[in-house]
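Here is the file protein.cif (mmCIF, C-alpha atoms).
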data_input
#
loop_
_atom_site.group_PDB
_atom_site.id
_atom_site.type_symbol
_atom_site.label_atom_id
_atom_site.label_comp_id
_atom_site.auth_asym_id
_atom_site.auth_seq_id
_atom_site.Cartn_x
_atom_site.Cartn_y
_atom_site.Cartn_z
ATOM 1 C CA MET A 1 46.540 -3.619 102.070
ATOM 2 C CA ALA A 2 45.966 -7.296 101.210
ATOM 3 C CA LEU A 3 43.761 -7.735 104.278
ATOM 4 C CA GLU A 4 41.731 -4.633 103.369
ATOM 5 C CA LEU A 5 41.154 -5.969 99.832
ATOM 6 C CA LEU A 6 40.029 -9.336 101.195
ATOM 7 C CA GLN A 7 37.624 -7.595 103.558
ATOM 8 C CA GLY A 8 36.232 -5.238 100.946
ATOM 9 C CA SER A 9 35.997 -7.732 98.056
ATOM 10 C CA PRO A 10 34.900 -11.164 99.295
ATOM 11 C CA GLY A 11 35.565 -13.837 96.653
ATOM 12 C CA ILE A 12 38.394 -11.864 95.029
ATOM 13 C CA SER A 13 40.522 -14.013 92.733
ATOM 14 C CA ALA A 14 44.271 -14.408 93.065
ATOM 15 C CA ASP A 15 45.008 -12.605 89.806
ATOM 16 C CA ARG A 16 42.706 -9.705 90.707
ATOM 17 C CA LEU A 17 44.274 -9.489 94.162
ATOM 18 C CA ALA A 18 47.713 -9.424 92.548
ATOM 19 C CA ASP A 19 46.605 -6.712 90.133
ATOM 20 C CA LYS A 20 45.239 -4.541 92.961
ATOM 21 C CA LEU A 21 48.463 -4.972 94.935
ATOM 22 C CA GLY A 22 50.683 -4.442 91.906
ATOM 23 C CA VAL A 23 52.518 -7.751 92.422
ATOM 24 C CA SER A 24 52.676 -11.154 90.760
ATOM 25 C CA ASP A 25 50.096 -13.904 91.352
ATOM 26 C CA ARG A 26 52.741 -15.853 93.263
ATOM 27 C CA ALA A 27 53.437 -12.906 95.552
ATOM 28 C CA ALA A 28 49.703 -12.408 96.163
ATOM 29 C CA ARG A 29 49.352 -16.061 97.224
ATOM 30 C CA ARG A 30 52.351 -15.617 99.496
ATOM 31 C CA TYR A 31 50.647 -12.645 101.182
ATOM 32 C CA VAL A 32 47.560 -14.807 101.750
ATOM 33 C CA GLY A 33 49.773 -17.454 103.326
ATOM 34 C CA ILE A 34 51.346 -14.886 105.659
ATOM 35 C CA LEU A 35 47.901 -13.743 106.807
ATOM 36 C CA ARG A 36 46.871 -17.347 107.469
ATOM 37 C CA GLU A 37 50.033 -17.915 109.521
ATOM 38 C CA ALA A 38 49.045 -14.855 111.562
ATOM 39 C CA GLY A 39 45.821 -16.624 112.527
ATOM 40 C CA ILE A 40 43.459 -14.802 110.156
ATOM 41 C CA PRO A 41 40.948 -17.301 108.693
ATOM 42 C CA ILE A 42 40.987 -17.039 104.895
ATOM 43 C CA GLU A 43 38.870 -19.440 102.844
ATOM 44 C CA SER A 44 39.636 -20.232 99.210
ATOM 45 C CA THR A 45 37.532 -21.762 96.446
ATOM 46 C CA ARG A 46 39.072 -23.389 93.360
ATOM 47 C CA GLY A 47 37.802 -23.106 89.823
ATOM 48 C CA PRO A 48 37.121 -20.332 87.317
ATOM 49 C CA TYR A 49 34.765 -18.613 89.759
ATOM 50 C CA GLY A 50 36.887 -19.252 92.813
ATOM 51 C CA GLY A 51 38.687 -16.797 95.013
ATOM 52 C CA TYR A 52 39.548 -15.767 98.544
ATOM 53 C CA ARG A 53 37.294 -14.548 101.325
ATOM 54 C CA LEU A 54 37.695 -14.039 105.046
ATOM 55 C CA GLY A 55 36.329 -16.959 107.033
ATOM 56 C CA ARG A 56 34.105 -16.546 110.037
ATOM 57 C CA GLY A 57 35.508 -17.236 113.454
ATOM 58 C CA LEU A 58 34.685 -16.899 117.104
ATOM 59 C CA ARG A 59 36.769 -13.741 117.317
ATOM 60 C CA LEU A 60 36.485 -10.648 115.182
ATOM 61 C CA PRO A 61 39.522 -10.556 112.880
ATOM 62 C CA PRO A 62 41.445 -7.326 112.363
ATOM 63 C CA LEU A 63 39.562 -4.744 110.305
ATOM 64 C CA MET A 64 41.140 -2.115 108.093
ATOM 65 C CA PHE A 65 39.134 1.097 107.584
ATOM 66 C CA SER A 66 39.923 4.020 105.352
ATOM 67 C CA ALA A 67 39.891 7.487 106.933
ATOM 68 C CA ALA A 68 36.497 8.236 105.349
ATOM 69 C CA GLU A 69 35.044 4.937 106.601
ATOM 70 C CA ALA A 70 36.383 5.413 110.141
ATOM 71 C CA LEU A 71 35.042 8.962 110.438
ATOM 72 C CA GLY A 72 31.830 7.890 108.724
ATOM 73 C CA LEU A 73 31.210 5.338 111.471
ATOM 74 C CA VAL A 74 31.813 7.954 114.160
ATOM 75 C CA MET A 75 29.460 10.365 112.387
ATOM 76 C CA ALA A 76 26.813 7.648 112.085
ATOM 77 C CA VAL A 77 26.991 7.008 115.836
ATOM 78 C CA LEU A 78 26.782 10.728 116.637
ATOM 79 C CA ASP A 79 23.915 11.719 114.359
ATOM 80 C CA GLY A 80 22.371 8.397 113.288
ATOM 81 C CA HIS A 81 21.392 9.569 109.815
ATOM 82 C CA HIS A 82 23.467 7.592 107.322
ATOM 83 C CA ASP A 83 22.486 4.939 104.790
ATOM 84 C CA VAL A 84 24.092 1.811 106.234
ATOM 85 C CA SER A 85 22.702 -0.350 103.403
ATOM 86 C CA ASP A 86 24.509 1.507 100.609
ATOM 87 C CA PRO A 87 27.879 -0.198 99.922
ATOM 88 C CA THR A 88 29.141 2.894 98.061
ATOM 89 C CA ASP A 89 28.621 5.075 101.163
ATOM 90 C CA PRO A 90 31.602 5.146 103.585
ATOM 91 C CA VAL A 91 29.353 4.068 106.448
ATOM 92 C CA GLY A 92 27.724 1.280 104.420
ATOM 93 C CA SER A 93 31.138 0.048 103.271
ATOM 94 C CA ALA A 94 32.522 -0.019 106.821
ATOM 95 C CA ILE A 95 29.432 -1.741 108.222
ATOM 96 C CA GLY A 96 29.717 -4.337 105.452
ATOM 97 C CA LYS A 97 33.239 -5.207 106.551
ATOM 98 C CA ILE A 98 32.105 -5.672 110.129
ATOM 99 C CA MET A 99 29.150 -7.817 109.052
ATOM 100 C CA ARG A 100 31.360 -10.121 106.973
ATOM 101 C CA ALA A 101 33.721 -10.607 109.928
ATOM 102 C CA LEU A 102 31.065 -11.488 112.510
ATOM 103 C CA PRO A 103 30.244 -15.101 113.404
ATOM 104 C CA GLU A 104 27.403 -16.475 111.274
ATOM 105 C CA PRO A 105 24.611 -16.495 113.928
ATOM 106 C CA VAL A 106 25.393 -12.955 115.045
ATOM 107 C CA ALA A 107 25.808 -11.686 111.491
ATOM 108 C CA ALA A 108 22.454 -13.151 110.443
ATOM 109 C CA GLN A 109 20.603 -11.246 113.157
ATOM 110 C CA ALA A 110 22.503 -8.022 112.531
ATOM 111 C CA GLU A 111 21.929 -8.283 108.776
ATOM 112 C CA ALA A 112 18.199 -8.779 109.338
ATOM 113 C CA VAL A 113 18.090 -5.553 111.360
ATOM 114 C CA ARG A 114 20.083 -3.666 108.737
ATOM 115 C CA ARG A 115 17.882 -4.967 105.921
ATOM 116 C CA THR A 116 14.508 -4.317 107.519
ATOM 117 C CA THR A 117 15.096 -1.166 109.568
ATOM 118 C CA ALA A 118 14.033 2.124 107.962
ATOM 119 C CA PRO A 119 15.149 5.087 110.096
ATOM 120 C CA ALA A 120 12.901 8.133 109.981
ATOM 121 C CA PRO A 121 14.765 11.053 108.411
ATOM 122 C CA ASP A 122 15.498 14.120 110.512
ATOM 123 C CA ARG A 123 14.617 17.105 108.327
ATOM 124 C CA GLY A 124 16.640 19.386 110.559
ATOM 125 C CA ALA A 125 19.810 17.325 110.270
ATOM 126 C CA ALA A 126 22.480 18.208 107.726
ATOM 127 C CA ARG A 127 24.997 15.622 106.598
ATOM 128 C CA PRO A 128 28.439 17.032 105.790
ATOM 129 C CA ASP A 129 30.825 15.280 103.427
ATOM 130 C CA PRO A 130 32.931 12.830 105.518
ATOM 131 C CA ARG A 131 36.029 13.792 103.513
ATOM 132 C CA THR A 132 35.515 17.469 104.272
ATOM 133 C CA THR A 133 34.949 16.646 107.925
ATOM 134 C CA THR A 134 38.050 14.436 107.966
ATOM 135 C CA ALA A 135 40.187 17.300 106.644
ATOM 136 C CA LEU A 136 38.830 19.713 109.262
ATOM 137 C CA VAL A 137 39.255 17.240 112.126
ATOM 138 C CA GLN A 138 42.869 16.643 111.064
ATOM 139 C CA ALA A 139 43.478 20.393 110.842
ATOM 140 C CA CYS A 140 42.085 20.852 114.372
ATOM 141 C CA SER A 141 44.288 18.041 115.673
ATOM 142 C CA ASN A 142 47.434 19.327 113.929
ATOM 143 C CA HIS A 143 46.717 23.016 114.673
ATOM 144 C CA ARG A 144 46.983 23.893 110.983
ATOM 145 C CA ARG A 145 45.338 26.939 109.457
ATOM 146 C CA VAL A 146 42.964 26.194 106.553
ATOM 147 C CA ARG A 147 41.376 28.119 103.727
ATOM 148 C CA LEU A 148 37.617 27.571 103.401
ATOM 149 C CA ASP A 149 35.433 28.108 100.376
ATOM 150 C CA TYR A 150 32.066 28.705 102.063
ATOM 151 C CA ARG A 151 28.479 29.179 100.908
ATOM 152 C CA SER A 152 25.970 30.676 103.335
ATOM 153 C CA GLU A 153 22.307 29.720 103.685
ATOM 154 C CA ALA A 154 21.385 32.872 101.749
ATOM 155 C CA GLY A 155 23.631 31.834 98.852
ATOM 156 C CA SER A 156 26.545 34.201 99.461
ATOM 157 C CA GLU A 157 29.973 32.727 98.774
ATOM 158 C CA TRP A 158 33.390 33.713 100.107
ATOM 159 C CA VAL A 159 36.875 32.368 100.800
ATOM 160 C CA THR A 160 38.438 32.881 104.226
ATOM 161 C CA ASP A 161 41.440 31.666 106.227
ATOM 162 C CA VAL A 162 40.601 30.267 109.657
ATOM 163 C CA ASP A 163 42.256 28.635 112.653
ATOM 164 C CA PRO A 164 40.085 25.526 113.225
ATOM 165 C CA TRP A 165 39.629 25.041 116.952
ATOM 166 C CA ALA A 166 37.102 22.206 117.149
ATOM 167 C CA VAL A 167 34.401 20.275 115.315
ATOM 168 C CA VAL A 168 31.145 20.194 117.303
ATOM 169 C CA VAL A 169 27.903 18.280 116.658
ATOM 170 C CA ARG A 170 24.717 20.006 117.801
ATOM 171 C CA HIS A 171 21.173 18.742 117.112
ATOM 172 C CA GLY A 172 22.203 16.807 113.992
ATOM 173 C CA ARG A 173 24.276 19.668 112.574
ATOM 174 C CA TRP A 174 28.055 19.769 112.349
ATOM 175 C CA TYR A 175 29.875 23.025 113.083
ATOM 176 C CA LEU A 176 33.463 24.191 112.802
ATOM 177 C CA LEU A 177 34.346 26.485 115.693
ATOM 178 C CA CYS A 178 37.200 28.674 114.514
ATOM 179 C CA GLN A 179 38.925 32.043 114.459
ATOM 180 C CA THR A 180 38.813 33.898 111.158
ATOM 181 C CA HIS A 181 41.541 36.079 109.664
ATOM 182 C CA ARG A 182 40.174 38.739 107.330
ATOM 183 C CA SER A 183 41.566 42.234 106.644
ATOM 184 C CA GLU A 184 43.992 42.158 109.581
ATOM 185 C CA THR A 185 41.155 41.423 112.011
ATOM 186 C CA THR A 186 40.171 38.252 113.827
ATOM 187 C CA ALA A 187 36.805 37.011 115.029
ATOM 188 C CA THR A 188 35.320 33.845 116.497
ATOM 189 C CA ARG A 189 32.952 32.101 114.095
ATOM 190 C CA ALA A 190 30.932 28.898 113.846
ATOM 191 C CA TYR A 191 30.577 27.580 110.283
ATOM 192 C CA ARG A 192 28.213 24.830 109.201
ATOM 193 C CA ILE A 193 30.436 22.085 107.786
ATOM 194 C CA ASP A 194 27.803 20.975 105.278
ATOM 195 C CA ARG A 195 28.166 24.434 103.699
ATOM 196 C CA VAL A 196 31.946 24.204 103.320
ATOM 197 C CA ARG A 197 32.668 23.696 99.629
ATOM 198 C CA THR A 198 36.430 23.058 99.761
ATOM 199 C CA VAL A 199 39.180 22.883 102.387
ATOM 200 C CA GLU A 200 42.801 23.817 101.659
ATOM 201 C CA MET A 201 45.469 23.040 104.245
ATOM 202 C CA LEU A 202 47.894 25.948 104.777
ATOM 203 C CA ASP A 203 51.425 25.988 106.171
ATOM 204 C CA ASP A 204 50.630 28.339 109.070
ATOM 205 C CA THR A 205 50.045 26.859 112.513
ATOM 206 C CA PHE A 206 48.254 28.275 115.552
ATOM 207 C CA ILE A 207 47.800 27.742 119.288
ATOM 208 C CA PRO A 208 44.161 27.230 120.376
ATOM 209 C CA PRO A 209 42.840 28.885 123.555
ATOM 210 C CA THR A 210 44.035 27.023 126.641
ATOM 211 C CA ASP A 211 40.614 27.168 128.339
ATOM 212 C CA LEU A 212 38.615 26.220 125.230
ATOM 213 C CA ASP A 213 35.241 24.586 125.922
ATOM 214 C CA PRO A 214 34.003 23.959 122.347
ATOM 215 C CA VAL A 215 30.409 23.079 123.213
ATOM 216 C CA ALA A 216 29.911 25.999 125.600
ATOM 217 C CA MET A 217 31.568 28.449 123.204
ATOM 218 C CA LEU A 218 29.416 27.251 120.298
ATOM 219 C CA GLU A 219 26.244 27.642 122.361
ATOM 220 C CA ASP A 220 27.272 31.149 123.406
ATOM 221 C CA HIS A 221 28.142 32.061 119.810
ATOM 222 C CA LEU A 222 24.799 30.841 118.458
ATOM 223 C CA ALA A 223 22.957 32.920 121.078
ATOM 224 C CA VAL A 224 24.298 36.320 119.957
ATOM 225 C CA GLY A 225 24.408 38.399 116.835
ATOM 226 C CA TRP A 226 20.818 37.853 115.667
ATOM 227 C CA GLU A 227 18.306 40.492 114.598
ATOM 228 C CA TYR A 228 16.319 40.859 117.838
ATOM 229 C CA ASP A 229 17.980 41.523 121.208
ATOM 230 C CA VAL A 230 16.176 39.839 124.096
ATOM 231 C CA GLU A 231 16.003 40.366 127.849
ATOM 232 C CA VAL A 232 13.794 38.243 130.112
ATOM 233 C CA VAL A 233 13.451 38.474 133.915
ATOM 234 C CA ILE A 234 12.499 35.180 135.576
ATOM 235 C CA ASP A 235 11.033 34.774 139.070
ATOM 236 C CA ALA A 236 13.226 31.773 139.929
ATOM 237 C CA PRO A 237 16.864 31.214 140.974
ATOM 238 C CA ILE A 238 19.371 30.474 138.251
ATOM 239 C CA ASP A 239 19.900 26.875 139.452
ATOM 240 C CA THR A 240 16.237 26.151 138.664
ATOM 241 C CA VAL A 241 16.188 27.874 135.296
ATOM 242 C CA VAL A 242 19.458 26.582 133.879
ATOM 243 C CA ARG A 243 18.135 23.008 133.845
ATOM 244 C CA CYS A 244 15.206 23.942 131.608
ATOM 245 C CA LEU A 245 16.605 26.265 128.951
ATOM 246 C CA PRO A 246 19.060 25.505 126.137
ATOM 247 C CA ARG A 247 22.258 27.540 126.346
ATOM 248 C CA ALA A 248 21.641 28.762 122.794
ATOM 249 C CA LEU A 249 18.864 31.031 124.115
ATOM 250 C CA GLY A 250 21.409 33.311 125.734
ATOM 251 C CA ARG A 251 23.252 34.074 128.943
ATOM 252 C CA LEU A 252 21.688 33.509 132.381
ATOM 253 C CA GLU A 253 22.729 35.568 135.405
ATOM 254 C CA PRO A 254 21.370 35.781 138.950
ATOM 255 C CA LEU A 255 19.416 38.798 140.199
ATOM 256 C CA ASP A 256 18.371 39.752 143.704
ATOM 257 C CA ASP A 257 15.531 38.045 145.590
ATOM 258 C CA GLY A 258 16.125 34.688 143.873
ATOM 259 C CA ARG A 259 15.378 35.984 140.392
ATOM 260 C CA SER A 260 17.305 35.414 137.159
ATOM 261 C CA ARG A 261 17.881 37.353 133.962
ATOM 262 C CA LEU A 262 18.205 35.904 130.457
ATOM 263 C CA THR A 263 19.893 38.027 127.770
ATOM 264 C CA GLY A 264 20.404 36.902 124.189
ATOM 265 C CA SER A 265 19.211 37.447 120.660
ATOM 266 C CA THR A 266 17.107 35.657 118.064
ATOM 267 C CA GLY A 267 16.157 35.818 114.434
ATOM 268 C CA ASN A 268 12.909 33.947 115.077
ATOM 269 C CA PRO A 269 10.773 35.431 117.921
ATOM 270 C CA VAL A 270 8.076 32.755 117.536
ATOM 271 C CA TRP A 271 10.606 29.959 118.048
ATOM 272 C CA TYR A 272 12.127 31.821 120.989
ATOM 273 C CA ALA A 273 8.736 32.333 122.649
ATOM 274 C CA GLU A 274 8.028 28.603 122.350
ATOM 275 C CA ARG A 275 11.312 27.803 124.121
ATOM 276 C CA LEU A 276 10.509 30.188 126.985
ATOM 277 C CA VAL A 277 7.376 28.185 127.775
ATOM 278 C CA MET A 278 9.655 25.535 129.286
ATOM 279 C CA ILE A 279 10.493 27.855 132.203
ATOM 280 C CA PRO A 280 8.732 26.470 135.328
ATOM 281 C CA ALA A 281 8.182 29.929 136.841
ATOM 282 C CA PRO A 282 6.643 33.325 135.995
ATOM 283 C CA TYR A 283 8.745 35.510 133.711
ATOM 284 C CA ARG A 284 8.493 38.869 131.933
ATOM 285 C CA ILE A 285 9.913 39.858 128.560
ATOM 286 C CA VAL A 286 11.332 43.317 129.331
ATOM 287 C CA LYS A 287 13.075 43.815 125.987
ATOM 288 C CA CYS A 288 12.046 42.929 122.411
ATOM 289 C CA PRO A 289 8.544 43.974 121.257
ATOM 290 C CA ALA A 290 8.579 41.303 118.537
ATOM 291 C CA LEU A 291 9.102 38.604 121.145
ATOM 292 C CA GLN A 292 6.342 40.101 123.323
ATOM 293 C CA ASP A 293 3.932 39.906 120.373
ATOM 294 C CA ALA A 294 4.937 36.310 119.672
ATOM 295 C CA ALA A 295 4.448 35.400 123.356
ATOM 296 C CA ARG A 296 0.939 36.943 123.396
ATOM 297 C CA THR A 297 -0.040 35.014 120.259
ATOM 298 C CA LEU A 298 1.347 31.793 121.712
ATOM 299 C CA GLY A 299 -0.426 32.443 125.016
ATOM 300 C CA ARG A 300 -3.805 32.850 123.312
ATOM 301 C CA ARG A 301 -3.270 29.605 121.451
ATOM 302 C CA LEU A 302 -2.388 27.765 124.655
ATOM 303 C CA LEU A 303 -5.423 29.201 126.467
ATOM 304 C CA GLY A 304 -7.629 28.075 123.597
ATOM 305 C CA ALA A 305 -6.201 24.575 123.795
ATOM 306 C CA GLY A 306 -7.296 24.352 127.435
ATOM 307 C CA GLU A 307 -10.939 25.308 126.820
ATOM 308 C CA ASN A 308 -13.720 22.737 126.680
ATOM 309 C CA PRO A 309 -14.602 21.759 123.107
ATOM 310 C CA ARG A 310 -17.779 23.180 121.662
ATOM 311 C CA PRO A 311 -20.747 20.785 121.600
#
Step by step, read the file and then write its structure as structure tokens.
Amino acid sequence: MALELLQGSPGISADRLADKLGVSDRAARRYVGILREAGIPIESTRGPYGGYRLGRGLRLPPLMFSAAEALGLVMAVLDGHHDVSDPTDPVGSAIGKIMRALPEPVAAQAEAVRRTTAPAPDRGAARPDPRTTTALVQACSNHRRVRLDYRSEAGSEWVTDVDPWAVVVRHGRWYLLCQTHRSETTATRAYRIDRVRTVEMLDDTFIPPTDLDPVAMLEDHLAVGWEYDVEVVIDAPIDTVVRCLPRALGRLEPLDDGRSRLTGSTGNPVWYAERLVMIPAPYRIVKCPALQDAARTLGRRLLGAGENPRP
């Protein structure tokens, strides 16, 4: 705790350190002495504005992160859309600790990058609360059932008990893959974590599926249950097609004569038609008139783009 306070509050005075630790000034100074004996460089400045701070060394001293800071760093690495310059943000606070512990030449370069870099925002990304995510990750790890207060994109709200199987990141969005328990029935669901309002840990435990592949199951789940059912026959073997299409489009299966079939569903035929363009072979949409219309419109636009410009 003393080391964490020294890392998080450089220049902290002895009396303030003692107050934070709930001990006497003498005991606080003794804790500082113990840390110094352990090889942790701690500098001190005398006077009314003096205090303690971690010194810089050739080796990175031990760092103490809170649960929110630790998960915040992982989330920042996975989606890259956190404000690392904000000291009140868990990621900014954790990065600040690392920066203060680095040797001076390295820290100066890293600080220059942090100060001058302005990442472009991803409008499709959704940042969940690190504390909410922490609770769900712990529930997955401990196999504990949770009660979610959830709000859908349409604004509907409900409370449900779920067995949290895994937390999955997909295209800047965080999902909870789980099994719901409502009215004596169960179902596999994928909930957006940024739409989870509260998490309550329950006493019940569960056993997750032994063959669980969270990423594959999430992709399969996101490919079904939409408004428009889709079937596409592709004049290419499945090994060629699978490398070009996201799994979220649906399920691929081989047909005779080296052909493949894609079955799935979508709520946005225009978006789906644009994804199909990535197939490097002829294909036919045999099911879904809305998707056929979207493909014809997209085809006319692509043909127009290839024409010579008017003089």
Convert the output of the PyMOL selection byres ((chain A and resi 244-258) around 8) on the shown file into explicit residues, formatted as a VMD selection string. chain A and resid 216 219 to 224 235 to 238 240 to 243 259 to 266 272 275 to 276 278 to 280
Would you kindly return, as number ranges by chain, each protein, DNA or RNA residue with an atom no farther than 6 Å from any atom of segment 88-96 of chain A, considering all atoms listed in the file and excluding same-chain residues fewer than 5 positions away? A: 69, 72-73
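For the residues A:Val232, A:Cys140, A:Val196, A:Leu5, ranking by smallest atom-to-atom distance to Pro208 of chain A using all atoms listed in the file places A:Cys140 first.
Taking only C-alpha atoms, the non-local environment of Val199 of chain A within 8 Å (same-chain residues fewer than 5 positions away omitted) comprises Thr132, Ala135, Leu136, Val146, Arg147, Leu148 and Asp149 of chain A.
Atom CA of Tyr175 of chain A lies 4.6 Å from atom CA of Arg192 of chain A.
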Selection result of the PyMOL selection byres ((chain A and resi 53) around 10) on this file, as a PyMOL selection string: chain A and resi 3+5-13+41-45+50-52+54-56+100
Within 6 Å of (46.8, 25.4, 108.4), in the coordinates the file gives, what residues turn up when you count only C-alpha atoms, written out as number ranges by chain? A: 144-146, 201-205
Any chance you could export the current selection's C-alpha atoms as a CSV table (one decimal), keeping the file's coordinate frame?
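Result file is selection-v4.csv:
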chain,number,residue,atom,x,y,z
A,144,ARG,CA,47.0,23.9,111.0
A,145,ARG,CA,45.3,26.9,109.5
A,146,VAL,CA,43.0,26.2,106.6
A,201,MET,CA,45.5,23.0,104.2
A,202,LEU,CA,47.9,25.9,104.8
A,203,ASP,CA,51.4,26.0,106.2
A,204,ASP,CA,50.6,28.3,109.1
A,205,THR,CA,50.0,26.9,112.5
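Applied to this file, the PyMOL selection byres ((chain A and resi 182) around 12) selects the residues Arg147, Trp158, Val159, Thr160, Asp161, Val162, Asp163, Gln179, Thr180, His181, Ser183, Glu184, Thr185, Thr186, Ala187, Thr188 and Arg189 of chain A.
Only residues having an atom at most 12 Å from (42.7, 20.3, 117.2) are included; using all atoms listed in the file, these are Thr134, Ala135, Leu136, Val137, Gln138, Ala139, Cys140, Ser141, Asn142, His143, Arg144, Arg145, Asp163, Pro164, Trp165, Ala166, Val167, Val168, Leu176, Leu177, Cys178, Thr205, Phe206, Ile207, Pro208, Pro209, Thr210, Leu212 and Pro214 of chain A.
What separates atom CA of Arg310 of chain A from atom CA of Leu298 of chain A is a distance of 21.0 Å.
The gap separating atom CA of Gly306 of chain A from atom CA of Gln292 of chain A is 21.2 Å, in Å to one decimal.
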Shortest contact to Glu4 of chain A, candidates A:Lys97, A:Arg197, A:Asp86, A:Arg30, atoms counted all atoms listed in the file, goes to A:Lys97
Around all listed atoms of segment 180-196 of chain A, padded 4 Å per side, what centre and edge lengths does the axis-aligned box have in Å to one decimal, as JSON?
{"center_x": 35.9, "center_y": 31.6, "center_z": 109.9, "size_x": 24.2, "size_y": 29.3, "size_z": 21.2}
Which of A:Ala2, A:Ala70, A:Leu303, A:Val215 sits closest to Ile34 of chain A [using only C-alpha atoms]: A:Ala2
